Structures are given as structure tokens and as C-alpha cells.
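Asks: If it helps, the file is called work_32.cif and holds mmCIF, C-alpha atoms and all ligand atoms:
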```
data_work
loop_
_atom_site.label_atom_id
_atom_site.label_comp_id
_atom_site.auth_asym_id
_atom_site.auth_seq_id
_atom_site.Cartn_x
_atom_site.Cartn_y
_atom_site.Cartn_z
CA MET A 844 101.07 171.20 91.19
CA VAL A 845 100.06 169.72 87.83
CA ASP A 846 99.65 172.26 85.02
CA VAL A 847 96.64 172.06 82.75
CA VAL A 848 97.94 172.03 79.17
CA THR A 849 96.31 174.78 77.14
CA GLU A 850 97.99 174.82 73.73
CA PRO A 851 95.75 173.77 70.83
CA LEU A 852 95.59 170.16 69.80
CA SER A 853 97.86 169.35 66.93
CA GLY A 854 99.15 166.43 64.96
CA VAL A 855 95.81 164.84 64.12
CA SER A 856 95.98 163.75 60.49
CA ALA A 857 93.24 164.40 57.97
CA GLU A 858 92.80 160.62 57.64
CA ARG A 859 92.26 160.28 61.37
CA LEU A 860 89.70 163.07 61.38
CA ALA A 861 87.91 161.46 58.43
CA LEU A 862 87.93 158.12 60.23
CA ARG A 863 86.32 159.74 63.26
CA GLU A 864 83.58 161.26 61.14
CA GLU A 865 82.98 157.93 59.46
CA LEU A 866 82.84 156.25 62.86
CA ARG A 867 80.18 158.72 64.01
CA ARG A 868 78.14 158.06 60.89
CA GLU A 869 78.45 154.29 61.16
CA VAL A 870 77.57 154.12 64.86
CA ALA A 871 74.65 156.52 64.34
CA GLY A 872 73.47 154.31 61.46
CA LEU A 873 73.60 151.22 63.67
CA CYS A 874 71.77 153.03 66.46
CA ARG A 875 68.93 153.99 64.11
CA ARG A 876 68.09 150.29 64.03
CA PHE A 877 67.44 150.56 67.79
CA PRO A 878 65.00 153.46 68.17
CA ASP A 879 63.41 155.01 71.26
CA GLU A 880 60.75 152.29 71.43
CA TYR A 881 63.45 149.62 71.72
CA TRP A 882 65.06 151.24 74.76
CA ARG A 883 61.71 152.20 76.28
CA GLU A 884 60.48 148.62 76.12
CA LEU A 885 63.71 147.31 77.68
CA ASP A 886 63.42 149.87 80.44
CA ARG A 887 59.86 148.75 81.14
CA GLU A 888 60.80 145.06 81.16
CA ARG A 889 64.22 145.55 82.75
CA GLY A 890 65.61 143.67 79.76
CA TYR A 891 69.19 143.55 78.48
CA PRO A 892 69.74 145.05 75.00
CA GLU A 893 70.98 141.73 73.65
CA ALA A 894 70.37 142.53 69.96
CA PHE A 895 72.01 145.95 70.29
CA VAL A 896 75.09 144.58 72.06
CA ARG A 897 75.39 141.84 69.46
CA ALA A 898 75.17 144.37 66.64
CA MET A 899 77.79 146.58 68.30
CA THR A 900 80.07 143.58 68.75
CA GLU A 901 79.62 142.31 65.20
CA ALA A 902 80.42 145.76 63.85
CA GLY A 903 83.65 145.61 65.85
CA PHE A 904 82.85 148.76 67.84
CA LEU A 905 83.24 147.14 71.27
CA ALA A 906 86.69 145.97 70.25
CA ALA A 907 87.77 149.51 69.31
CA LEU A 908 90.59 149.53 71.86
CA ILE A 909 91.82 145.97 71.26
CA PRO A 910 94.95 146.00 69.09
CA GLU A 911 94.57 144.73 65.53
CA GLU A 912 96.99 141.86 66.22
CA HIS A 913 94.42 140.53 68.71
CA GLY A 914 91.47 141.00 66.36
CA GLY A 915 90.32 144.47 67.42
CA LEU A 916 90.17 147.81 65.60
CA GLY A 917 93.32 149.14 67.27
CA LEU A 918 91.85 152.61 67.77
CA GLY A 919 92.47 155.17 70.51
CA VAL A 920 90.38 156.38 73.41
CA THR A 921 89.30 159.36 71.29
CA GLU A 922 87.61 157.02 68.83
CA ALA A 923 86.25 154.71 71.55
CA ALA A 924 84.73 157.78 73.21
CA ILE A 925 83.11 158.80 69.92
CA ILE A 926 81.46 155.37 69.74
CA LEU A 927 79.97 155.58 73.24
CA GLU A 928 79.00 159.23 72.83
CA THR A 929 77.12 158.43 69.63
CA VAL A 930 75.18 155.63 71.31
CA ASN A 931 73.96 157.96 74.06
CA ARG A 932 73.44 160.79 71.57
CA SER A 933 71.05 158.52 69.69
CA GLY A 934 68.86 157.98 72.77
CA GLY A 935 70.36 154.62 73.69
CA ASN A 936 72.50 153.72 76.68
CA ALA A 937 76.10 152.61 76.23
CA GLY A 938 76.10 151.44 79.86
CA ALA A 939 74.94 148.07 78.59
CA CYS A 940 78.32 147.41 77.04
CA HIS A 941 80.83 150.16 77.87
CA ALA A 942 82.72 148.19 80.51
CA GLN A 943 84.23 145.97 77.86
CA MET A 944 86.18 148.95 76.59
CA TYR A 945 87.75 150.10 79.82
CA VAL A 946 87.88 146.81 81.71
CA MET A 947 89.75 145.23 78.83
CA GLY A 948 92.53 147.83 79.23
CA THR A 949 93.72 146.17 82.45
CA LEU A 950 94.19 142.88 80.64
CA LEU A 951 95.83 144.65 77.71
CA ARG A 952 98.31 146.64 79.80
CA HIS A 953 99.08 144.19 82.58
CA GLY A 954 98.11 140.73 81.33
CA SER A 955 100.75 138.23 80.17
CA ASP A 956 101.17 137.45 76.48
CA ALA A 957 99.54 134.08 77.08
CA GLN A 958 96.51 135.73 78.74
CA LYS A 959 96.18 138.26 75.94
CA GLN A 960 96.40 135.57 73.30
CA GLN A 961 93.89 133.47 75.16
CA TRP A 962 91.26 136.12 75.81
CA LEU A 963 91.55 139.17 73.58
CA PRO A 964 90.71 137.56 70.19
CA GLN A 965 87.64 135.91 71.74
CA ILE A 966 86.55 139.18 73.32
CA ALA A 967 87.10 141.02 70.03
CA SER A 968 85.04 138.49 68.07
CA GLY A 969 82.25 138.54 70.63
CA GLU A 970 82.69 134.86 71.42
CA ILE A 971 83.04 135.85 75.05
CA ARG A 972 82.08 139.01 76.87
CA LEU A 973 84.14 140.85 79.44
CA GLN A 974 81.48 143.19 80.75
CA ALA A 975 81.66 142.77 84.52
CA PHE A 976 83.93 144.67 86.84
CA GLY A 977 83.87 143.68 90.51
CA VAL A 978 85.26 146.37 92.79
CA THR A 979 82.57 147.97 95.00
CA GLU A 980 81.68 146.33 98.31
CA PRO A 981 78.95 147.11 100.84
CA ASN A 982 81.35 147.85 103.68
CA SER A 983 83.99 149.85 101.84
CA GLY A 984 82.19 151.78 99.05
CA SER A 985 84.42 154.52 97.66
CA ASP A 986 87.18 153.52 100.07
CA THR A 987 88.35 150.78 97.70
CA THR A 988 91.54 149.82 99.52
CA ARG A 989 89.49 148.64 102.50
CA LEU A 990 87.57 146.08 100.49
CA ARG A 991 87.17 142.77 102.30
CA THR A 992 86.90 140.16 99.57
CA THR A 993 89.90 137.88 99.88
CA ALA A 994 91.72 135.65 97.43
CA VAL A 995 93.90 133.09 99.19
CA ARG A 996 96.47 131.08 97.24
CA GLN A 997 95.99 127.31 97.50
CA GLY A 998 98.17 125.35 95.09
CA ASP A 999 97.28 126.26 91.53
CA ASN A 1000 94.25 128.27 92.57
CA TYR A 1001 93.18 131.29 94.54
CA VAL A 1002 90.15 130.76 96.72
CA VAL A 1003 87.88 133.80 96.70
CA SER A 1004 85.44 134.69 99.49
CA GLY A 1005 83.53 137.89 100.08
CA GLN A 1006 80.78 140.09 98.74
CA LYS A 1007 80.50 142.71 96.03
CA VAL A 1008 77.61 145.08 95.47
CA PHE A 1009 76.26 147.07 92.47
CA ILE A 1010 78.19 144.94 90.03
CA SER A 1011 76.67 145.48 86.61
CA ARG A 1012 76.09 143.07 83.71
CA VAL A 1013 77.32 139.97 85.59
CA GLU A 1014 74.44 137.95 84.17
CA HIS A 1015 75.34 139.07 80.65
CA SER A 1016 79.07 138.60 80.85
CA ASP A 1017 81.34 135.58 80.57
CA LEU A 1018 84.24 137.13 82.45
CA MET A 1019 84.55 139.42 85.43
CA LEU A 1020 87.57 141.49 86.30
CA LEU A 1021 87.76 141.14 90.06
CA LEU A 1022 89.70 143.13 92.65
CA ALA A 1023 90.36 141.18 95.85
CA ARG A 1024 92.75 141.34 98.77
CA THR A 1025 95.57 138.80 98.64
CA THR A 1026 97.57 140.11 101.61
CA PRO A 1027 95.68 141.10 104.79
CA LEU A 1028 95.46 144.82 105.46
CA ASP A 1029 97.44 144.57 108.71
CA GLN A 1030 100.38 142.98 106.86
CA VAL A 1031 100.90 145.65 104.19
CA GLU A 1032 102.88 148.86 104.33
CA ARG A 1033 100.23 150.84 102.50
CA ARG A 1034 96.51 150.16 102.20
CA SER A 1035 96.80 150.18 98.42
CA HIS A 1036 99.22 147.25 98.54
CA GLY A 1037 98.18 143.59 98.72
CA LEU A 1038 95.22 143.86 96.34
CA SER A 1039 95.19 141.74 93.19
CA VAL A 1040 93.24 141.58 89.96
CA PHE A 1041 91.79 138.36 88.54
CA LEU A 1042 89.88 137.34 85.49
CA VAL A 1043 87.03 135.23 86.82
CA ASP A 1044 85.39 132.91 84.32
CA LEU A 1045 81.74 133.18 85.25
CA ARG A 1046 80.71 130.40 82.87
CA ASP A 1047 82.12 127.54 84.88
CA ALA A 1048 81.64 128.99 88.36
CA PRO A 1049 79.69 126.49 90.53
CA GLN A 1050 76.54 128.03 91.99
CA GLU A 1051 77.43 127.00 95.54
CA HIS A 1052 80.59 129.13 95.29
CA LEU A 1053 79.23 132.11 93.35
CA THR A 1054 75.77 133.59 93.79
CA VAL A 1055 74.46 136.51 91.77
CA GLN A 1056 71.50 138.43 93.12
CA PRO A 1057 69.83 141.01 90.84
CA LEU A 1058 69.19 144.39 92.48
CA ASP A 1059 66.08 146.44 91.87
CA MET A 1060 67.43 149.82 90.79
CA MET A 1061 66.10 153.17 89.55
CA ILE A 1062 67.56 152.49 86.12
CA ASN A 1063 67.80 149.47 83.86
CA HIS A 1064 71.47 148.71 84.51
CA HIS A 1065 71.50 144.96 85.24
CA THR A 1066 73.15 145.54 88.56
CA THR A 1067 73.69 142.74 91.06
CA ALA A 1068 75.11 141.75 94.39
CA VAL A 1069 77.69 138.99 94.02
CA PHE A 1070 78.61 136.54 96.77
CA PHE A 1071 81.82 134.52 96.63
CA ASP A 1072 82.00 131.53 98.92
CA GLY A 1073 85.27 129.68 98.38
CA LEU A 1074 85.27 130.14 94.59
CA LYS A 1075 88.40 128.66 93.02
CA VAL A 1076 90.06 130.91 90.44
CA PRO A 1077 93.07 129.43 88.61
CA ALA A 1078 96.31 131.17 89.54
CA ALA A 1079 96.84 131.51 85.77
CA ASN A 1080 94.01 134.08 85.83
CA LEU A 1081 95.89 136.49 88.09
CA ILE A 1082 96.60 139.63 86.06
CA GLY A 1083 100.11 140.97 86.47
CA GLU A 1084 101.84 140.65 89.82
CA GLU A 1085 100.10 139.63 93.01
CA GLY A 1086 99.55 142.61 95.30
CA ARG A 1087 99.75 145.31 92.61
CA GLY A 1088 96.11 145.18 91.56
CA PHE A 1089 95.08 148.56 92.94
CA ARG A 1090 97.75 150.23 90.78
CA TYR A 1091 96.47 148.34 87.72
CA ILE A 1092 92.89 149.46 88.37
CA LEU A 1093 94.05 153.05 88.83
CA ASP A 1094 95.89 152.83 85.50
CA GLY A 1095 92.56 152.20 83.81
CA MET A 1096 90.78 155.08 85.51
CA ASN A 1097 91.72 157.81 83.06
CA ALA A 1098 90.31 155.89 80.10
CA GLU A 1099 87.19 155.14 82.10
CA ARG A 1100 86.70 158.81 83.05
CA ILE A 1101 87.09 159.92 79.42
CA LEU A 1102 84.71 157.28 78.08
CA ILE A 1103 82.08 158.09 80.69
CA ALA A 1104 82.48 161.81 79.98
CA ALA A 1105 81.76 161.02 76.34
CA GLU A 1106 78.55 159.24 77.28
CA CYS A 1107 77.51 162.28 79.30
CA VAL A 1108 78.21 164.55 76.33
CA GLY A 1109 76.08 162.25 74.18
CA ASP A 1110 73.26 162.42 76.71
CA GLY A 1111 73.62 166.19 77.00
CA ASP A 1112 73.33 166.68 73.25
CA TRP A 1113 70.31 164.35 73.12
CA PHE A 1114 68.52 166.34 75.86
CA ILE A 1115 69.33 169.67 74.22
CA GLU A 1116 68.06 168.48 70.86
CA ARG A 1117 64.81 167.18 72.33
CA ALA A 1118 64.30 170.32 74.43
CA THR A 1119 65.02 172.61 71.49
CA ARG A 1120 62.65 170.74 69.20
CA TYR A 1121 59.85 170.63 71.75
CA ALA A 1122 60.30 174.29 72.69
CA SER A 1123 60.04 175.26 69.04
CA GLU A 1124 56.94 173.15 68.37
CA ARG A 1125 54.85 173.46 71.52
CA ALA A 1126 52.63 176.52 71.26
CA ILE A 1127 51.00 177.94 74.40
CA PHE A 1128 49.72 181.50 74.82
CA ASP A 1129 49.64 181.65 70.99
CA ARG A 1130 53.38 181.21 70.51
CA PRO A 1131 56.05 178.55 70.76
CA ILE A 1132 57.16 178.20 74.37
CA GLY A 1133 60.76 178.53 73.11
CA GLN A 1134 60.04 182.12 72.14
CA ASN A 1135 60.10 182.95 75.84
CA GLN A 1136 63.57 183.72 77.10
CA GLY A 1137 62.64 182.02 80.37
CA VAL A 1138 62.44 178.79 78.36
CA GLN A 1139 65.20 179.31 75.80
CA PHE A 1140 67.97 180.64 78.05
CA PRO A 1141 68.24 177.54 80.26
CA ILE A 1142 68.43 175.39 77.13
CA ALA A 1143 71.09 177.65 75.60
CA ARG A 1144 73.06 177.64 78.86
CA ALA A 1145 72.93 173.87 79.11
CA HIS A 1146 74.18 173.64 75.53
CA VAL A 1147 77.10 175.94 76.35
CA ASN A 1148 78.04 173.76 79.28
CA VAL A 1149 77.84 170.54 77.28
CA ARG A 1150 80.12 172.04 74.62
CA ALA A 1151 82.64 173.17 77.24
CA ALA A 1152 82.67 169.69 78.79
CA ASP A 1153 83.12 168.22 75.33
CA LEU A 1154 86.27 170.30 74.82
CA MET A 1155 87.76 169.02 78.06
CA ARG A 1156 86.84 165.47 77.07
CA GLU A 1157 88.55 165.97 73.69
CA ARG A 1158 91.68 167.34 75.34
CA ALA A 1159 91.85 164.53 77.88
CA ALA A 1160 91.43 161.93 75.13
CA ALA A 1161 94.09 163.56 72.95
CA LEU A 1162 96.55 163.58 75.84
CA PHE A 1163 95.73 159.97 76.65
CA ASP A 1164 96.20 158.85 73.06
CA THR A 1165 99.56 160.56 72.79
CA GLY A 1166 100.79 158.95 75.99
CA GLN A 1167 100.84 162.17 78.03
CA PRO A 1168 99.68 162.55 81.63
CA CYS A 1169 95.95 163.26 81.62
CA GLY A 1170 94.69 162.50 85.14
CA ALA A 1171 93.62 166.08 85.78
CA GLU A 1172 91.91 166.50 82.41
CA ALA A 1173 90.22 163.08 82.50
CA ASN A 1174 88.78 163.75 85.94
CA MET A 1175 87.72 167.29 85.09
CA ALA A 1176 86.11 166.08 81.87
CA LYS A 1177 84.09 163.50 83.78
CA LEU A 1178 82.95 166.07 86.36
CA LEU A 1179 82.05 168.75 83.81
CA ALA A 1180 80.31 166.32 81.49
CA ALA A 1181 78.30 164.65 84.27
CA ASP A 1182 77.19 168.07 85.54
CA ALA A 1183 76.38 169.28 82.02
CA SER A 1184 74.31 166.21 81.13
CA TRP A 1185 72.43 166.48 84.39
CA GLU A 1186 71.73 170.17 83.79
CA ALA A 1187 70.55 169.36 80.26
CA ALA A 1188 68.35 166.57 81.61
CA ASN A 1189 66.71 168.93 84.09
CA VAL A 1190 66.17 171.57 81.43
CA ALA A 1191 64.70 169.05 78.99
CA LEU A 1192 62.30 167.77 81.65
CA GLN A 1193 61.23 171.30 82.59
CA THR A 1194 60.77 172.30 78.95
CA HIS A 1195 58.49 169.34 78.35
CA GLY A 1196 56.24 170.26 81.28
CA GLY A 1197 53.97 167.37 82.23
CA TYR A 1198 54.91 165.46 79.07
CA GLY A 1199 58.46 165.14 80.36
CA PHE A 1200 57.11 162.69 82.92
CA ALA A 1201 55.32 160.57 80.31
CA THR A 1202 57.40 157.53 79.40
CA GLU A 1203 56.57 157.84 75.68
CA TYR A 1204 58.73 160.99 75.43
CA ASP A 1205 61.79 159.14 76.82
CA ILE A 1206 62.91 162.22 78.74
CA GLU A 1207 62.20 160.69 82.14
CA ARG A 1208 64.09 157.50 81.20
CA LYS A 1209 67.19 159.34 80.05
CA PHE A 1210 66.81 161.72 83.04
CA ARG A 1211 67.08 158.76 85.42
CA GLU A 1212 69.91 157.24 83.44
CA THR A 1213 72.09 160.33 83.27
CA ARG A 1214 71.68 160.97 86.99
CA LEU A 1215 73.84 157.91 87.61
CA TYR A 1216 76.97 159.68 86.38
CA GLN A 1217 76.99 161.88 89.48
CA VAL A 1218 77.56 158.73 91.55
CA ALA A 1219 79.11 155.99 89.39
CA PRO A 1220 81.57 154.83 88.33
CA ILE A 1221 83.00 157.51 90.62
CA SER A 1222 81.11 160.09 92.60
CA THR A 1223 81.51 163.79 91.95
CA ASN A 1224 82.90 164.37 95.45
CA LEU A 1225 85.71 161.91 94.87
CA ILE A 1226 86.67 163.72 91.66
CA LEU A 1227 86.70 167.05 93.46
CA SER A 1228 88.87 165.52 96.11
CA TYR A 1229 91.27 164.25 93.39
CA VAL A 1230 91.47 167.73 91.87
CA ALA A 1231 91.94 169.38 95.28
CA GLU A 1232 94.73 167.02 96.29
CA HIS A 1233 96.50 166.02 93.08
CA VAL A 1234 95.96 169.07 90.89
CA LEU A 1235 95.89 171.88 93.44
CA GLY A 1236 98.17 170.30 96.01
CA MET A 1237 95.86 170.69 99.00
CA PRO A 1238 96.06 168.24 101.92
CA ARG A 1239 94.64 164.77 101.43
CA SER A 1240 91.12 164.65 102.85
CA TYR A 1241 90.74 160.92 103.34
C1 LIG B 1301 73.75 151.54 88.72
C2 LIG B 1301 75.10 151.32 89.32
C3 LIG B 1301 76.00 150.51 88.67
C4 LIG B 1301 77.26 150.25 89.23
N1 LIG B 1301 78.11 149.38 88.61
C5 LIG B 1301 79.25 149.02 89.24
C6 LIG B 1301 80.09 147.98 88.70
O1 LIG B 1301 79.81 147.41 87.63
N2 LIG B 1301 81.21 147.62 89.39
C7 LIG B 1301 81.56 148.21 90.57
O2 LIG B 1301 82.59 147.83 91.13
N3 LIG B 1301 80.79 149.20 91.11
C8 LIG B 1301 79.66 149.60 90.48
N4 LIG B 1301 78.85 150.56 91.03
C9 LIG B 1301 79.23 151.14 92.32
C10 LIG B 1301 79.65 152.58 92.25
O3 LIG B 1301 80.93 152.66 91.67
C11 LIG B 1301 79.58 153.11 93.69
O4 LIG B 1301 78.21 153.23 94.00
C12 LIG B 1301 80.29 154.39 93.87
O5 LIG B 1301 81.65 154.20 93.66
C13 LIG B 1301 80.05 154.98 95.27
O6 LIG B 1301 80.22 154.00 96.26
P1 LIG B 1301 79.06 153.80 97.37
O7 LIG B 1301 77.79 153.62 96.64
O8 LIG B 1301 79.46 152.75 98.32
O9 LIG B 1301 78.98 155.19 98.11
P2 LIG B 1301 79.84 155.68 99.37
O10 LIG B 1301 81.28 155.43 99.15
O11 LIG B 1301 79.22 155.14 100.61
O12 LIG B 1301 79.57 157.22 99.29
C14 LIG B 1301 78.27 157.79 99.56
C15 LIG B 1301 78.32 159.28 99.30
O13 LIG B 1301 79.28 159.88 100.19
C16 LIG B 1301 80.25 160.59 99.45
N5 LIG B 1301 81.57 160.39 100.08
C17 LIG B 1301 82.11 159.24 100.56
N6 LIG B 1301 83.34 159.48 101.06
C18 LIG B 1301 83.60 160.77 100.87
C19 LIG B 1301 84.71 161.63 101.15
N7 LIG B 1301 85.81 161.16 101.73
N8 LIG B 1301 84.62 162.92 100.82
C20 LIG B 1301 83.50 163.41 100.25
N9 LIG B 1301 82.42 162.67 99.94
C21 LIG B 1301 82.47 161.37 100.25
C22 LIG B 1301 80.25 159.99 98.07
O14 LIG B 1301 80.65 160.95 97.11
C23 LIG B 1301 78.79 159.60 97.88
O15 LIG B 1301 78.07 160.67 97.36
C24 LIG B 1301 77.62 150.86 90.46
C25 LIG B 1301 76.70 151.72 91.09
C26 LIG B 1301 75.46 151.93 90.55
C27 LIG B 1301 74.50 152.83 91.29
#
```
Go ahead and express the file in the form of C-alpha cells.
Ligand SMILES: Cc1cc2nc3c(=O)[nH]c(=O)nc-3n(C[C@H](O)[C@H](O)[C@H](O)COP(=O)(O)OP(=O)(O)OC[C@H]3O[C@@H](n4cnc5c(N)ncnc54)[C@H](O)[C@@H]3O)c2cc1C
Replies:
Amino acid sequence: MVDVVTEPLSGVSAERLALREELRREVAGLCRRFPDEYWRELDRERGYPEAFVRAMTEAGFLAALIPEEHGGLGLGVTEAAIILETVNRSGGNAGACHAQMYVMGTLLRHGSDAQKQQWLPQIASGEIRLQAFGVTEPNSGSDTTRLRTTAVRQGDNYVVSGQKVFISRVEHSDLMLLLARTTPLDQVERRSHGLSVFLVDLRDAPQEHLTVQPLDMMINHHTTAVFFDGLKVPAANLIGEEGRGFRYILDGMNAERILIAAECVGDGDWFIERATRYASERAIFDRPIGQNQGVQFPIARAHVNVRAADLMRERAAALFDTGQPCGAEANMAKLLAADASWEAANVALQTHGGYGFATEYDIERKFRETRLYQVAPISTNLILSYVAEHVLGMPRSY
């Protein structure tokens, strides 16, 4: 059974703390250039926040986790999480660009020196975008190891065939990190073996071999179905060893969980602030609605839960950044934060009464957006099953 570490965090220098504060200020300053109206309009038009992503890239924020030697900021997950949290805290949506942070980790940890030298500086400078992550398939869903997309070695290439679904930002990315099966399921010892990770260059992919079909979704997330029909991917774009791809993807999961938890915390704080402000200003029955405990208690409770989730997020990030095991904390942080942001969203909507449904208040937009975290990138049930099996030692359920 894995113990949850409970001693206080230590060893964070005053300089590091100051840097984090400065980061918060800088990101918040950038986000002020992209107010509610900007996001509302994009939501209405289903547009991609091109100007925002460019500004984030130019400021270097999306390269937070790329080492300085490759042109990035060389920061930790704690700082990367602060960046994403601040975007969502400002009313924006980091989902437009967050994948670059956690997808890039696979290349960083498992790519060859040549691959890192080829791609990382260009990603850091914004010359190319690595925003697409192709894992989910219609027939396997959460059961990743049963995915059916194949990559078959032919000379200097792998030939990829299959279908992915709900793959975000493909149309706004130059590269996709793809998980495909290189050894058939019936020829591997374990289902998690025989999967490999590739960097697919979407720029030069011929249309007859790669089709991208936008999906109409509840939120503005630029999500697509992707069809591979004999697409040639150079063998030089295989990341790490053939057949070990599932392990590589798992390695990136903790960072992903922490970063997503941070976005949830940002959302949660945004909802609480809006609900508090509205409850204090809106007067009905000759007094602010927030004077009624029936209105203020749910807001206070949601705030408490966001703060608790934030602590778990901080702990998970601190463990991650000091190279300690953090699977339990990262997963718990994601679960707590997703629940807390959803609770805060519900409370904010309720507090706003009918106005919560009016697009001009932005509550309904953020309400839809934060609901996603219960399902993607990993569903709440799958986190509970991780905790039950890997933290509490109960029998594997699937
Ligand atoms: C807007 C959006 C963007 C996305 N972007 C990406 C992306 O960029 N790249 C990518 O690869 N994927 C992406 N996804 C896919 C996302 O990761 C999956 O939707 C998610 O992992 C769940 O898979 P599924 O939808 O197939 O659900 P399923 O696996 O079919 O699960 C359906 C429900 O059943 C539950 N369930 C399934 N099995 C079990 C079990 N054994 N025990 C308990 N409960 C279970 C799940 O928790 C879930 O609630 C995105 C999804 C959305 C909605």
C-alpha cells in the first residue's frame, strides 16, 4: 500500500517563491488582454484562440517545461501548473494549448538526443506546435491497451492505419503524438506491450492518408475524429523503443493530472469569485441575496473544497518536481479539483439565477467547460479505480 506523504513541504527557496508570484502576475497580465468578450465570441463562433495562444507562446509560457538548453524556461510542473491555473482563473480556457506542456514530456523523457534537438527548440519558439495527442479510439475508449490503430514497419517507415476519436487541436497543431499498436495483441505477453509512440508531422500528411473530421461538441474544444489510411510515418519519428509506448504515455500521466487539477482550481476560484460578487450585489427582498445563508453557505463550502484540492495539487506538484513518487497524489488532486470546480460551477450558476444561463455572464460557458474534467483526459471512475487498486491495494477491477 502506498503511503500518502503528510509532512509539510520544505526546501522551496525564497527566489523560487518570488518567481512563482511573478509568474502569476505576468500570466494574469497577459490574460487581461483577452477578456470575457474574447472567449465568449470564440465560443459562439467555435473559433480557436489563435491570438491568445500566440501571445502565450511568445511570452515563453507554453515552453515552461522545456529545458533552457532547448530554448524553454526550464521550470517545474509547479510553475507550469501556475500558468494554466492562472489562465482558467482569468476566465479563459487553457485547454486550447495545455497539451503542449504534457505531451512534450514524452519527447523530453524518451526521445533521442537527435529528436530533442530537432523538435524542442522549434516547439519552444512557437515555430511549430505540438498540441495534438492521439490516444482515444471509438472501440476501446478508456481501455487504451485494446486500441486498434496499427503502425506496421515497412523499410524506413511505419505505415499507420486506424481511427482515433475526440482528438483535440489537430487542426491547430503541426505535430501529433500518436499511440499505435506495433505488435498484434495476440502476440504480446501483456496487453500493455506492443504499443508505440510516434511523432506524426501533420503538415506534410497527404489528405488521402490522413483525414480530420471536426466534431460538434458541447464545448469549444476543437475536437476531431482522425482517420489514418496507410499514412507513412518515418521510423526516425518513433519515440524511444518500439513496443514500450504505453509505459511512456503512463510516465506522462502524473504531470497531466497535476496540470489539469490546476486548471480546475483556476476554474473553481473564478466561479467562487463571480458567485461571491453577484451574491453581494444582487438585492432581492430588500437585501443582497448573499445575506441569506442558503445562498452563502454553498459558496463558502465550494470555496473550502477548491482550497483543499489546491493543497493536494501543490503537494503532488512538489513531489513531482523533487523526483518523488506522486501517482497517488496526482490522481487524487485531479479528482478533488475536478469535483471542486464542478461544485463551484453549479453554485455559481444557482447563485446567478436566470442570469447564469445568459451567455453574457459567462457562467454557462465556463460551466460547460469545467464539466469536461469529470470525463477527460481521464474519467473520475478510472481515477477511483487507480486509487482503489494502486493506493489501497484492492483487487484490480478491469
Ligand atoms: C472534449 C474532449 C476532448 C478530448 N481530447 C482528447 C485528446 O486530445 N486526445 C485523446 O486521446 N482523447 C481525448 N478525449 C477523449 C477522452 O480522454 C475520453 O473521452 C475519455 O478517456 C473516456 O473515454 P470514452 O469517451 O471512450 O468513454 P468510455 O471509456 O466508453 O467510458 C464511458 C463511461 O464509463 C465509465 N467506465 C468505463 N470503464 C469503466 C470501468 N472499468 N469502471 C468504471 N467505470 C468505467 C467511464 O468512467 C465513463 O464515465 C477527449 C474527450 C473529450 C470529450
Asks: Quick check, in Å to one decimal: how far apart do CA of Val896 (chain A) and CA of Ala1023 (chain A) lie?
Replies: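 Going from CA of Val896 (chain A) over to CA of Ala1023 (chain A), I get 28.5 Å.
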Asks: Is it possible to get the residues within 10 Å of (73.7, 140.9, 74.0) (coordinates as in the file, counting all atoms listed in the file) written as a PyMOL selection string?
Replies: chain A and resi 891-900+939-940+969+972+1015-1016
Asks: In terms of the shortest atom-to-atom distance over only C-alpha atoms and all ligand atoms, which of A:Lys1007, A:His1036, A:Arg863, A:Arg996 is closest to ligand LIG 1301 (chain B)?
Replies: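 Closest candidate: A:Lys1007.
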Asks: Excluding Leu1021 (chain A) and its own-chain neighbours fewer than 3 positions away, which residues fall within 6 Å of it when counting only C-alpha atoms? Please give them as a ChimeraX atom specification.
Replies: /A:977,1040-1041
Asks: When you count all atoms listed in the file, which of these residues is closest to ligand LIG 1301 (chain B): A:Glu1172, A:Asp1047, A:Asp1029, A:Glu1014?
Replies: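 Looking only at the distances to ligand LIG 1301 (chain B), the closest residue turns out to be A:Glu1014.
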Asks: Out of A:Pro1057, A:Gly1133, A:Gly1073, A:Pro1049, which residue has the shortest atom-to-atom distance to ligand LIG 1301 (chain B) when counting only C-alpha atoms and all ligand atoms?
Replies: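 Of the candidates, the smallest distance to ligand LIG 1301 (chain B) is held by A:Pro1057.
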Asks: Produce as a PyMOL selection string the set of residues near ligand LIG 1301 (chain B), where near means within 8 Å with only C-alpha atoms and all ligand atoms considered.
Replies: chain A and resi 942+975-986+1007-1012+1060-1066+1215+1218-1225+1228+1240-1241
Asks: So which residues are close to (94.4, 142.1, 96.6), meaning at most 8 Å away in the file's coordinates with all atoms listed in the file counted, and can you show them as a PyMOL selection string?
Replies: chain A and resi 993-994+1022-1026+1036-1040+1085-1089
Asks: With a distance cut-off of 9 Å and only C-alpha atoms, select the neighbouring residues of region 1141-1146 of chain A, excluding the residue or stretch itself and same-chain residues fewer than 3 positions from it, and output the selection as a VMD selection string.
Replies: chain A and resid 1111 to 1112 1115 1118 to 1119 1136 to 1138 1149 to 1151 1183 to 1184 1186 to 1188 1190 to 1191 1194
Asks: Report the distance between CA of Arg932 (chain A) and CA of Lys1209 (chain A) in Å, rounded to one decimal place.
Replies: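 Here the two named atoms are 10.6 Å from each other.
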Asks: One number please: CA of Val1031 (chain A) to CA of Arg952 (chain A), in Å, one decimal.
Replies: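 Taking CA of Val1031 (chain A) as the start and CA of Arg952 (chain A) as the end point, the length is 24.5 Å.
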Asks: What are the closest atom pairs, with distances in Å to one decimal, for each residue of region 1151-1175 of chain A lying within 8 Å of region 916-930 of chain A, using all atoms listed in the file, rows by chain and rising residue number, as JSON lines?
Replies:
```
{"residue": "A:Glu1157", "atom": "CA", "partner": "A:Thr921", "partner_atom": "CA", "distance": 7.1}
{"residue": "A:Ala1160", "atom": "CA", "partner": "A:Thr921", "partner_atom": "CA", "distance": 5.1}
{"residue": "A:Ala1161", "atom": "CA", "partner": "A:Thr921", "partner_atom": "CA", "distance": 6.6}
{"residue": "A:Phe1163", "atom": "CA", "partner": "A:Val920", "partner_atom": "CA", "distance": 7.2}
{"residue": "A:Asp1164", "atom": "CA", "partner": "A:Gly919", "partner_atom": "CA", "distance": 5.8}
```
Asks: Considering all atoms listed in the file, state which residue in the set A:Leu866, A:Ile909, A:Leu990, A:Met1096 is at the smallest distance from Ile966 (chain A).
Replies: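 Smallest distance to Ile966 (chain A) is found for A:Ile909.
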Asks: With only C-alpha atoms as the atoms that count, which of A:Val1108, A:Met1019, A:Leu1093, A:Ser1004 lies nearest to Asp1072 (chain A)?
Replies: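 Checking each of A:Val1108, A:Met1019, A:Leu1093, A:Ser1004 against Asp1072 (chain A), counting only C-alpha atoms, the winner is A:Ser1004.
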Asks: Could you check the closest approach to Ser1123 (chain A) for each of A:Arg876, A:Arg1208, A:His1195, A:Arg989 and tell me which residue wins, using only C-alpha atoms?
Replies: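 Looking only at the distances to Ser1123 (chain A), the closest residue turns out to be A:His1195.
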